[in-house]
Amino acid sequence: MTVIAPYQSQVADTRDGFGQLLRAEWTKFRTVRGWMITLLVTVLVMVGFGLLSAAGTTSSCAQDTSSGPGPARSGAGCLPTFPLGPGGEPVSDSFYLVHQPLTGNGSITTRITSLTGLVQPPNGSQGPGPGDTQPGVMPWSKAGVIIKQNLNQGSAYAAMMVTGGHGVRMQWNYTGDTAGLPGTVSANSPRWLRLTRSGDVITGYDSANGTNWTQVGTVTLSGLPSTVQVGLFGASPDYTSVVQNFGGGTSSKGGGPTQVTGVFDRVTLSGGSAAGPWASGYVGADNGSGIGGYHQAGGQFTVTGSGDIAPIAEGHGGPADAALTIHDYLLGTFAGLIALAVIAAMFMTAEYRRNLIRVTLAASPRRGRVLAAKAIVVAAVSFVAGLVGAALAVAVGTAVTHSRGYWEFPVSGPVEARVIVGTGLLAAVTAVLALAIGTIVRRSAATVAIVIVTIVLPYFLAVASVVPLGVADWLLRVTPAAGFAVQGAYPEYGQVTAIYSALSGYYPLGALAGLGLLCAWTAVALAWAAVLLRRRDA
Amino acid sequence: MTAAGLAARPVASAGWASLQDALRMEWTKLRTVSSTFWMLLAAAALTIAVSAAVSAAVNCAGGGPGGCAAATGIDPAKTSLSGADLGQVIVALVAVLAIGGEYSTGMIRLTLTAVPRRVTVLAAKAAVVTGWTLAAGVLAVLGSLLAGRLILPLRGVTVAHGYVVPSLANGLDVRAAGGTVLYLVLVALLSLGVATALRDSAVAIGVVLGLLYLFPIVSNVIPDHTLARHLEQVAPMTAGLYIQSTVGLKSLPLTPWQGFGVLAAWSFGALLLGAIVLRLRDA
């Protein structure tokens with residue numbers, strides 16, 4: 001008679017640990033072939049859309065630039081012709097300058113009594129005689145005093161100026177902007193401006209009467225040579241109005257060049273070399289439409305100029321309209337998120353459909369931990385898929401753009417890294433949101449529809465101009481779609497009029513705030529899911 | 001009671017179920033799932049609500065810079081019907097579940113046992129889904145137009161500003177309204193076809209909504225205008241919704257009916273694919 005030894009489990013006689021639970025959930029995920037394939041598909045669609053943006057560009061480099069000034073796109077190279085500022089950002093740096101050298105420390109002081117100009121609104125806009133030149137100034141038409149490293153485009157500078165609609169400003173190195181005295185300038189209410197140089201430090205002052213001076217700002221232009229250019233300038237950006245053809249069109253803007261005329265008197269230079277003769281010229285004249293000139297009568301200088309001294313905003317309708325951006329390469333994120341939402345939802349709903357949930361909950365009766373384990377697994381795989389997809393999409397898109405000679409709007413390394421890692425986080429949080437909604441709804445199709453409506457649809461409504469800009473901004477501020485802000489790579493400039501909308505990669509919330517809002521929505525959904533999972537029968 | 005009495009019940013005689021039987025079967029199936037009615041009611045309500053909200057977001061009263069000048073202004077009919085952008089999600093969901101639900105519960109085997117001619121089953125489903133969607137679509141479109149008609153004049157969209165207030169007495173508006181109802185029907189058929197081919201509701205709704213929304217996102221964002229125009233010409237949603245346009249028709253990449261044809265091609269292509277898959281694969 002044989003004795004059969006009774007079966008005894010080899011597993012230690014303790015409570016199940018969270019590690020085992022994680023491993024169980026990972027095994028469940030890993031062994032569904034369709035889901036693993038979907039992860040791969042997620043990466044592939046993200047790369048594919050990036051390629052579409054970069055390689056699908058059909059316009060030749062000799063693009064028609066009649067609609068406005070832009071990078072010169074002739075020849076085989078088609079490399080950037082935008083000057084880069086000291087911070088590496090593309091800038092406009094073309095204006096009319098009346099100048100002389102200043103060696104060593106010194107200052108320039110002047111009074112400005114008038115700021116007038118000519119503008120040319122685009123055809124089809126409102127106002128008297130659209131399409132015709134008419135008197136007026138742009139809000140950011142500017143005239144004032146400047147200390148500039150040299151006469152090259154993109155060189156360091158600091159300037160005190162009066163503007164058409166934003167009062168006195170101190171601006172430096174293209175991106176810096178500080179407000180001084182408010183109000184417009186006139187003969188009855190002139191503005192006094194002063195810039196002083198002491199080593200690398202430049203300080204700007206303004207005054208309404210030439211007696212009581214207020215310091216507006218002080219900036220350090222590191223590496224300023226001992227001899228710099230100091231002078232009076234005038235610049236007026238192209239006519240810009242943010243117009244939205246909403247109800248199916250795209251936002252547009254445009255118009256002809258404008259010019260501004262500033263009247264200066266009581267110009268005094270101190271320090272450095274003795275005041276010599278004034279030279280004059282248009283900085284960046286080779287860029288095309290430079291309008292400018294000056295005449296001097298007694299102590300009065302009348303300076304007329306066009307162009308702008310400012311950073312360039314990435315955006316549709318702007319000078320960098322045709323530029324490819326990191327935002328274009330990441331277009332596939334939407335498709336990727338839809339794919340991830342489908343598998344994340346099914347990771348939970350499939351358990352209900354197959355009744356596997358009963359086994360799962362029998363094995364691990366503490367239900368909150370099951371949900372946590374599922375969330376960790378699905379977040380981890382989605383993070384990896386999103387990260388790899390974004391990194392490859394940007395790498396492939398950049399390579400193709402460069403090889404075809406197109407111009408790419410530059411973005412700094414840390415920002416690029418933040419956008420790529422942020423896309424991974426966006427994928428992870430979206431997947432957890434889908435898992436949570438799937439736990440609440442228990443129906444996979446409804447879950448996927450809800451995720452798409454809350455994450456992709458608001459973005460669609462914003463970029464397809466179905467709703468006005470204000471409403472679109474509001475949608476991207478409150479819905480889970482706010483998470484896309486993590487892909488916003490370009491700063492908004494208050495001193496540049498442009499369309500700062502989702503269409504051009506600008507989001508109403510900052511990267512962290514946007515992702516935080518998505519996380520908050522996900523946390524609420526997950527908490528609700530945990531409560532329902534505990535309360536309801538499986 | 002005798003055995004003979006039972007046999008006398010008018011069960012269909014020997015022979016295959018006709019299209020009529022299949023239609024009755026599908027009608028009963030969809031009708032007796034209570035969610036169908038509520039979801040389609042929700043689709044209509046959502047469409048009307050979004051249309052009203054978008055109409056209310058229009059601001060032409062102030063005459064802001066470029067805001068409502070005739071050249072850059074809004075399309076009143078398209079604006080009052082813009083809720084279809086969201087309402088179509090629920091319509092698609094109902095259509096996907098009409099077949100996807102059978103696969104997830106295993107009901108499809110019973111259905112195909114009862115009506116072995118599989119294309120007949122799909123045709124019956126398509127007919128029933130079309131009927132439901134037509135009803136919901138008419139409700140949604142009439143409500144949206146009414147909302148637009150009431151709200152838009154308050155927001156400055158008036159004859160004085162050079163606009164035509166949406167009305168069913170205007171031929172272009174009738175085309176926009178009727179076209180929107182048919183648009184919803186075609187979206188439902190597209191969803192039914194995709195779900196039949198893919199056999200999984202979650203994947204199918206993801207694919208359908210991806211097809212609808214990704215094209216316009218990509219075509220709006222990419223910097224190349226030529227490519228964007230081509231994408232708009234083949235995009236089921238963008239091209240299909242040209243039917244809503246009543247102003248600026250010359251600047252559209254396709255005429256409204258051509259665009260409608262593009263969507264119809266997508267829908268019937270998906271149905272054809274679904275029919276082939278249904279015939280060739282085991283259920």
# chains A, B, ... in the order shown; residues from 1 in each chain; ligands from 1

call {"tool": "interface_residues", "arguments": {"of": "chain B", "to": "chain A", "cutoff": "8 Å", "atoms": "only C-alpha atoms", "output": "ChimeraX atom specification"}}
result
/B:54,57-58,65-67,69,71-75,78-79,82,86,89,93,97,104,201-206,209-210,213-214,216-218,220-224,226-227

call {"tool": "residues_around", "arguments": {"residues": "segment 221-237 of chain A", "least_positions_apart": "5", "cutoff": "8 Å", "atoms": "only C-alpha atoms", "output": "PDB file with N, CA and C atoms, in the first residue's frame"}}
result
ATOM      1  N   SER A  94      15.405  94.947 -35.456  1.00  0.00           N
ATOM      2  CA  SER A  94      15.579  95.867 -36.566  1.00  0.00           C
ATOM      3  C   SER A  94      14.838  97.145 -36.210  1.00  0.00           C
ATOM      4  N   PHE A  95      15.531  98.250 -36.253  1.00  0.00           N
ATOM      5  CA  PHE A  95      14.952  99.526 -35.826  1.00  0.00           C
ATOM      6  C   PHE A  95      15.851 100.642 -36.324  1.00  0.00           C
ATOM      7  N   TYR A  96      15.382 101.870 -36.213  1.00  0.00           N
ATOM      8  CA  TYR A  96      16.196 102.998 -36.649  1.00  0.00           C
ATOM      9  C   TYR A  96      16.908 103.571 -35.436  1.00  0.00           C
ATOM     10  N   LEU A  97      18.215 103.801 -35.589  1.00  0.00           N
ATOM     11  CA  LEU A  97      19.037 104.193 -34.452  1.00  0.00           C
ATOM     12  C   LEU A  97      19.896 105.394 -34.818  1.00  0.00           C
ATOM     13  N   VAL A  98      19.869 106.400 -33.953  1.00  0.00           N
ATOM     14  CA  VAL A  98      20.775 107.547 -34.053  1.00  0.00           C
ATOM     15  C   VAL A  98      21.758 107.366 -32.901  1.00  0.00           C
ATOM     16  N   HIS A  99      23.032 107.193 -33.216  1.00  0.00           N
ATOM     17  CA  HIS A  99      23.915 106.682 -32.173  1.00  0.00           C
ATOM     18  C   HIS A  99      25.301 107.297 -32.218  1.00  0.00           C
ATOM     19  N   GLN A 100      26.036 107.112 -31.147  1.00  0.00           N
ATOM     20  CA  GLN A 100      27.470 107.371 -31.114  1.00  0.00           C
ATOM     21  C   GLN A 100      28.095 106.480 -30.062  1.00  0.00           C
ATOM     22  N   PRO A 101      29.396 106.249 -30.172  1.00  0.00           N
ATOM     23  CA  PRO A 101      30.019 105.352 -29.202  1.00  0.00           C
ATOM     24  C   PRO A 101      30.142 105.987 -27.828  1.00  0.00           C
ATOM     25  N   LEU A 102      30.110 105.165 -26.812  1.00  0.00           N
ATOM     26  CA  LEU A 102      30.328 105.608 -25.433  1.00  0.00           C
ATOM     27  C   LEU A 102      31.374 104.679 -24.832  1.00  0.00           C
ATOM     28  N   THR A 103      32.468 105.284 -24.389  1.00  0.00           N
ATOM     29  CA  THR A 103      33.524 104.462 -23.801  1.00  0.00           C
ATOM     30  C   THR A 103      33.522 104.652 -22.292  1.00  0.00           C
ATOM     31  N   GLY A 104      33.565 103.571 -21.581  1.00  0.00           N
ATOM     32  CA  GLY A 104      33.574 103.634 -20.129  1.00  0.00           C
ATOM     33  C   GLY A 104      32.190 103.956 -19.592  1.00  0.00           C
ATOM     34  N   ILE A 108      22.994 108.743 -20.649  1.00  0.00           N
ATOM     35  CA  ILE A 108      22.291 109.531 -21.661  1.00  0.00           C
ATOM     36  C   ILE A 108      20.939 109.914 -21.071  1.00  0.00           C
ATOM     37  N   VAL A 137      -0.597 104.698 -33.670  1.00  0.00           N
ATOM     38  CA  VAL A 137       0.558 103.955 -33.192  1.00  0.00           C
ATOM     39  C   VAL A 137       0.085 102.599 -32.701  1.00  0.00           C
ATOM     40  N   MET A 138       0.947 101.602 -32.768  1.00  0.00           N
ATOM     41  CA  MET A 138       0.660 100.302 -32.214  1.00  0.00           C
ATOM     42  C   MET A 138       0.889 100.369 -30.705  1.00  0.00           C
ATOM     43  N   TRP A 140       2.656  98.628 -28.939  1.00  0.00           N
ATOM     44  CA  TRP A 140       4.074  98.414 -28.635  1.00  0.00           C
ATOM     45  C   TRP A 140       4.993  99.134 -29.600  1.00  0.00           C
ATOM     46  N   SER A 141       4.497 100.210 -30.250  1.00  0.00           N
ATOM     47  CA  SER A 141       5.416 101.120 -30.943  1.00  0.00           C
ATOM     48  C   SER A 141       6.250 101.779 -29.863  1.00  0.00           C
ATOM     49  N   LYS A 142       7.546 101.953 -30.129  1.00  0.00           N
ATOM     50  CA  LYS A 142       8.406 102.435 -29.060  1.00  0.00           C
ATOM     51  C   LYS A 142       9.464 103.387 -29.590  1.00  0.00           C
ATOM     52  N   ALA A 143       9.819 104.358 -28.749  1.00  0.00           N
ATOM     53  CA  ALA A 143      10.914 105.268 -29.065  1.00  0.00           C
ATOM     54  C   ALA A 143      11.552 105.661 -27.745  1.00  0.00           C
ATOM     55  N   GLY A 144      12.882 105.809 -27.737  1.00  0.00           N
ATOM     56  CA  GLY A 144      13.540 106.158 -26.491  1.00  0.00           C
ATOM     57  C   GLY A 144      15.037 106.094 -26.620  1.00  0.00           C
ATOM     58  N   VAL A 145      15.692 105.853 -25.488  1.00  0.00           N
ATOM     59  CA  VAL A 145      17.150 105.808 -25.457  1.00  0.00           C
ATOM     60  C   VAL A 145      17.602 104.369 -25.260  1.00  0.00           C
ATOM     61  N   ILE A 146      18.776 104.050 -25.819  1.00  0.00           N
ATOM     62  CA  ILE A 146      19.250 102.670 -25.763  1.00  0.00           C
ATOM     63  C   ILE A 146      20.755 102.658 -25.571  1.00  0.00           C
ATOM     64  N   ILE A 147      21.227 101.700 -24.821  1.00  0.00           N
ATOM     65  CA  ILE A 147      22.652 101.391 -24.753  1.00  0.00           C
ATOM     66  C   ILE A 147      22.796  99.975 -25.266  1.00  0.00           C
ATOM     67  N   LYS A 148      23.565  99.815 -26.365  1.00  0.00           N
ATOM     68  CA  LYS A 148      23.626  98.516 -27.041  1.00  0.00           C
ATOM     69  C   LYS A 148      25.070  98.114 -27.233  1.00  0.00           C
ATOM     70  N   GLN A 149      25.299  96.835 -27.059  1.00  0.00           N
ATOM     71  CA  GLN A 149      26.656  96.280 -27.115  1.00  0.00           C
ATOM     72  C   GLN A 149      27.372  96.689 -28.405  1.00  0.00           C
ATOM     73  N   ASN A 150      26.691  96.498 -29.550  1.00  0.00           N
ATOM     74  CA  ASN A 150      27.223  96.929 -30.834  1.00  0.00           C
ATOM     75  C   ASN A 150      26.058  97.016 -31.801  1.00  0.00           C
ATOM     76  N   LEU A 151      26.347  97.211 -33.082  1.00  0.00           N
ATOM     77  CA  LEU A 151      25.251  97.409 -34.025  1.00  0.00           C
ATOM     78  C   LEU A 151      24.779  96.106 -34.661  1.00  0.00           C
ATOM     79  N   ALA A 156      23.485  92.410 -27.005  1.00  0.00           N
ATOM     80  CA  ALA A 156      22.881  92.790 -25.725  1.00  0.00           C
ATOM     81  C   ALA A 156      22.541  94.276 -25.720  1.00  0.00           C
ATOM     82  N   TYR A 157      21.503  94.647 -24.993  1.00  0.00           N
ATOM     83  CA  TYR A 157      21.103  96.053 -24.895  1.00  0.00           C
ATOM     84  C   TYR A 157      20.270  96.279 -23.645  1.00  0.00           C
ATOM     85  N   GLY A 199      30.051 100.028 -15.427  1.00  0.00           N
ATOM     86  CA  GLY A 199      30.549  98.672 -15.629  1.00  0.00           C
ATOM     87  C   GLY A 199      29.545  97.894 -16.456  1.00  0.00           C
ATOM     88  N   ASP A 200      29.126  96.729 -15.947  1.00  0.00           N
ATOM     89  CA  ASP A 200      28.135  95.925 -16.659  1.00  0.00           C
ATOM     90  C   ASP A 200      26.711  96.278 -16.243  1.00  0.00           C
ATOM     91  N   VAL A 201      26.598  97.201 -15.290  1.00  0.00           N
ATOM     92  CA  VAL A 201      25.280  97.483 -14.731  1.00  0.00           C
ATOM     93  C   VAL A 201      24.683  98.711 -15.407  1.00  0.00           C
ATOM     94  N   ILE A 202      23.464  98.542 -15.895  1.00  0.00           N
ATOM     95  CA  ILE A 202      22.766  99.660 -16.530  1.00  0.00           C
ATOM     96  C   ILE A 202      21.483  99.919 -15.756  1.00  0.00           C
ATOM     97  N   PRO A 257       3.536  96.837 -42.496  1.00  0.00           N
ATOM     98  CA  PRO A 257       4.460  97.446 -41.552  1.00  0.00           C
ATOM     99  C   PRO A 257       3.905  98.775 -41.037  1.00  0.00           C
ATOM    100  N   THR A 258       4.351  99.185 -39.898  1.00  0.00           N
ATOM    101  CA  THR A 258       3.931 100.459 -39.337  1.00  0.00           C
ATOM    102  C   THR A 258       5.183 101.264 -39.034  1.00  0.00           C
ATOM    103  N   GLN A 259       5.008 102.539 -38.775  1.00  0.00           N
ATOM    104  CA  GLN A 259       6.168 103.331 -38.397  1.00  0.00           C
ATOM    105  C   GLN A 259       5.807 104.276 -37.264  1.00  0.00           C
ATOM    106  N   VAL A 260       6.814 104.658 -36.529  1.00  0.00           N
ATOM    107  CA  VAL A 260       6.608 105.525 -35.378  1.00  0.00           C
ATOM    108  C   VAL A 260       7.603 106.674 -35.473  1.00  0.00           C
ATOM    109  N   THR A 261       7.170 107.837 -34.994  1.00  0.00           N
ATOM    110  CA  THR A 261       8.054 109.001 -34.981  1.00  0.00           C
ATOM    111  C   THR A 261       8.086 109.567 -33.571  1.00  0.00           C
ATOM    112  N   GLY A 262       9.275 109.632 -33.004  1.00  0.00           N
ATOM    113  CA  GLY A 262       9.436 110.212 -31.679  1.00  0.00           C
ATOM    114  C   GLY A 262      10.186 111.531 -31.780  1.00  0.00           C
ATOM    115  N   VAL A 303      13.019 111.255 -34.763  1.00  0.00           N
ATOM    116  CA  VAL A 303      13.485 109.938 -35.201  1.00  0.00           C
ATOM    117  C   VAL A 303      12.276 109.106 -35.629  1.00  0.00           C
ATOM    118  N   THR A 304      12.342 108.578 -36.845  1.00  0.00           N
ATOM    119  CA  THR A 304      11.273 107.716 -37.352  1.00  0.00           C
ATOM    120  C   THR A 304      11.840 106.318 -37.580  1.00  0.00           C
ATOM    121  N   GLY A 305      11.096 105.321 -37.167  1.00  0.00           N
ATOM    122  CA  GLY A 305      11.591 103.959 -37.373  1.00  0.00           C
ATOM    123  C   GLY A 305      10.468 102.958 -37.472  1.00  0.00           C
ATOM    124  N   SER A 306      10.810 101.782 -38.008  1.00  0.00           N
ATOM    125  CA  SER A 306       9.874 100.653 -38.017  1.00  0.00           C
ATOM    126  C   SER A 306      10.610  99.448 -37.449  1.00  0.00           C
ATOM    127  N   GLY A 307       9.976  98.301 -37.484  1.00  0.00           N
ATOM    128  CA  GLY A 307      10.616  97.088 -36.958  1.00  0.00           C
ATOM    129  C   GLY A 307      10.351  96.924 -35.476  1.00  0.00           C
ATOM    130  N   ASP A 308      11.145  96.107 -34.842  1.00  0.00           N
ATOM    131  CA  ASP A 308      10.896  95.845 -33.425  1.00  0.00           C
ATOM    132  C   ASP A 308      12.181  95.365 -32.763  1.00  0.00           C
ATOM    133  N   ILE A 309      12.257  95.631 -31.472  1.00  0.00           N
ATOM    134  CA  ILE A 309      13.326  95.051 -30.655  1.00  0.00           C
ATOM    135  C   ILE A 309      12.612  94.203 -29.626  1.00  0.00           C
TER     136      ILE A 309
END

call {"tool": "select_by_dssp", "arguments": {"residues": "segment 209-408 of chain A", "states": "helix (DSSP H, G or I)", "output": "ChimeraX atom specification"}}
result
/A:285-287,326-353,356-363,367-404

call {"tool": "atom_distance", "arguments": {"atom1": "atom CA of Phe484 of chain A", "atom2": "atom CA of Ala525 of chain A"}}
result
18.7 Å

call {"tool": "residues_around", "arguments": {"residues": "Val429 of chain A", "least_positions_apart": "4", "cutoff": "8 Å", "atoms": "only C-alpha atoms", "output": "PyMOL selection string"}}
result
chain A and resi 379+425+433+518-519+522

call {"tool": "atom_distance", "arguments": {"atom1": "atom CA of Val396 of chain A", "atom2": "atom CA of Leu39 of chain A"}}
result
18.8 Å

call {"tool": "residues_around", "arguments": {"residues": "segment 132-149 of chain B", "least_positions_apart": "4", "cutoff": "8 Å", "atoms": "only C-alpha atoms", "output": "PyMOL selection string"}}
result
chain B and resi 40-41+43-45+47-49+51-52+55+76-77+79-81+83+91+128+153+165-167+177+180-182+184-185+188

call {"tool": "write_last_selection", "arguments": {"atoms": "N, CA and C atoms", "output": "mmCIF file, in the first residue's frame"}}
result
data_model
loop_
_atom_site.group_PDB
_atom_site.id
_atom_site.type_symbol
_atom_site.label_atom_id
_atom_site.label_comp_id
_atom_site.auth_asym_id
_atom_site.auth_seq_id
_atom_site.Cartn_x
_atom_site.Cartn_y
_atom_site.Cartn_z
ATOM 1 N N LEU B 40 -29.576 58.222 -26.092
ATOM 2 C CA LEU B 40 -29.891 59.063 -27.242
ATOM 3 C C LEU B 40 -30.571 60.351 -26.798
ATOM 4 N N LEU B 41 -31.376 60.257 -25.743
ATOM 5 C CA LEU B 41 -31.969 61.486 -25.200
ATOM 6 C C LEU B 41 -30.865 62.399 -24.681
ATOM 7 N N ALA B 43 -27.836 62.404 -25.776
ATOM 8 C CA ALA B 43 -27.124 62.941 -26.940
ATOM 9 C C ALA B 43 -27.815 64.202 -27.438
ATOM 10 N N ALA B 44 -29.156 64.135 -27.538
ATOM 11 C CA ALA B 44 -29.899 65.303 -28.006
ATOM 12 C C ALA B 44 -29.750 66.456 -27.021
ATOM 13 N N ALA B 45 -29.892 66.154 -25.738
ATOM 14 C CA ALA B 45 -29.808 67.207 -24.727
ATOM 15 C C ALA B 45 -28.426 67.858 -24.725
ATOM 16 N N THR B 47 -26.262 67.931 -27.201
ATOM 17 C CA THR B 47 -26.086 68.711 -28.421
ATOM 18 C C THR B 47 -26.722 70.091 -28.266
ATOM 19 N N ILE B 48 -27.953 70.094 -27.751
ATOM 20 C CA ILE B 48 -28.658 71.369 -27.601
ATOM 21 C C ILE B 48 -27.924 72.250 -26.595
ATOM 22 N N ALA B 49 -27.492 71.648 -25.480
ATOM 23 C CA ALA B 49 -26.839 72.441 -24.435
ATOM 24 C C ALA B 49 -25.542 73.060 -24.944
ATOM 25 N N SER B 51 -24.692 73.595 -28.106
ATOM 26 C CA SER B 51 -25.008 74.595 -29.118
ATOM 27 C C SER B 51 -25.394 75.906 -28.457
ATOM 28 N N ALA B 52 -26.237 75.816 -27.429
ATOM 29 C CA ALA B 52 -26.682 77.028 -26.741
ATOM 30 C C ALA B 52 -25.503 77.723 -26.078
ATOM 31 N N SER B 55 -23.369 79.369 -28.726
ATOM 32 C CA SER B 55 -24.062 80.557 -29.224
ATOM 33 C C SER B 55 -23.954 81.695 -28.219
ATOM 34 N N PRO B 76 -23.710 81.819 -38.516
ATOM 35 C CA PRO B 76 -24.758 81.611 -37.497
ATOM 36 C C PRO B 76 -25.285 80.179 -37.473
ATOM 37 N N ALA B 77 -25.516 79.593 -38.647
ATOM 38 C CA ALA B 77 -26.078 78.234 -38.661
ATOM 39 C C ALA B 77 -25.085 77.243 -38.059
ATOM 40 N N THR B 79 -22.674 77.830 -35.998
ATOM 41 C CA THR B 79 -22.533 78.070 -34.569
ATOM 42 C C THR B 79 -23.695 77.450 -33.806
ATOM 43 N N SER B 80 -24.925 77.616 -34.331
ATOM 44 C CA SER B 80 -26.060 77.061 -33.576
ATOM 45 C C SER B 80 -26.087 75.545 -33.635
ATOM 46 N N LEU B 81 -25.339 74.947 -34.542
ATOM 47 C CA LEU B 81 -25.343 73.484 -34.637
ATOM 48 C C LEU B 81 -24.056 72.871 -34.099
ATOM 49 N N GLY B 83 -23.118 71.938 -31.322
ATOM 50 C CA GLY B 83 -23.229 70.892 -30.305
ATOM 51 C C GLY B 83 -23.049 69.497 -30.864
ATOM 52 N N VAL B 91 -23.855 59.275 -29.760
ATOM 53 C CA VAL B 91 -24.406 58.543 -30.900
ATOM 54 C C VAL B 91 -23.456 57.414 -31.295
ATOM 55 N N VAL B 128 -31.790 49.759 -37.943
ATOM 56 C CA VAL B 128 -32.353 50.149 -36.644
ATOM 57 C C VAL B 128 -31.566 51.299 -36.031
ATOM 58 N N PRO B 153 -29.349 86.423 -31.607
ATOM 59 C CA PRO B 153 -29.673 87.858 -31.741
ATOM 60 C C PRO B 153 -29.312 88.653 -30.486
ATOM 61 N N VAL B 165 -30.242 85.284 -39.433
ATOM 62 C CA VAL B 165 -30.539 84.496 -38.237
ATOM 63 C C VAL B 165 -31.054 83.134 -38.699
ATOM 64 N N PRO B 166 -30.527 82.038 -38.100
ATOM 65 C CA PRO B 166 -30.905 80.701 -38.576
ATOM 66 C C PRO B 166 -32.418 80.507 -38.599
ATOM 67 N N SER B 167 -32.900 79.981 -39.691
ATOM 68 C CA SER B 167 -34.336 79.786 -39.829
ATOM 69 C C SER B 167 -34.577 78.661 -40.820
ATOM 70 N N ALA B 177 -29.140 72.099 -41.345
ATOM 71 C CA ALA B 177 -29.866 71.362 -40.310
ATOM 72 C C ALA B 177 -30.056 69.908 -40.719
ATOM 73 N N THR B 180 -26.867 68.030 -40.734
ATOM 74 C CA THR B 180 -26.358 67.649 -39.414
ATOM 75 C C THR B 180 -27.024 66.369 -38.925
ATOM 76 N N VAL B 181 -28.332 66.241 -39.194
ATOM 77 C CA VAL B 181 -29.020 64.999 -38.819
ATOM 78 C C VAL B 181 -28.389 63.824 -39.557
ATOM 79 N N LEU B 182 -28.184 64.004 -40.875
ATOM 80 C CA LEU B 182 -27.581 62.920 -41.660
ATOM 81 C C LEU B 182 -26.139 62.670 -41.236
ATOM 82 N N LEU B 184 -25.014 62.848 -38.218
ATOM 83 C CA LEU B 184 -25.059 61.986 -37.027
ATOM 84 C C LEU B 184 -25.352 60.540 -37.430
ATOM 85 N N VAL B 185 -26.219 60.364 -38.429
ATOM 86 C CA VAL B 185 -26.526 59.013 -38.894
ATOM 87 C C VAL B 185 -25.272 58.359 -39.462
ATOM 88 N N ALA B 188 -22.971 57.278 -36.812
ATOM 89 C CA ALA B 188 -23.457 56.044 -36.189
ATOM 90 C C ALA B 188 -23.105 54.836 -37.049
#

call {"tool": "atom_distance", "arguments": {"atom1": "atom CA of Gln120 of chain A", "atom2": "atom CA of Val247 of chain B"}}
result
26.9 Å

call {"tool": "closest_residue", "arguments": {"among": "B:Ala17, B:Leu150, B:Leu190, B:Pro256", "to": "Ala114 of chain B", "atoms": "only C-alpha atoms"}}
result
B:Ala17
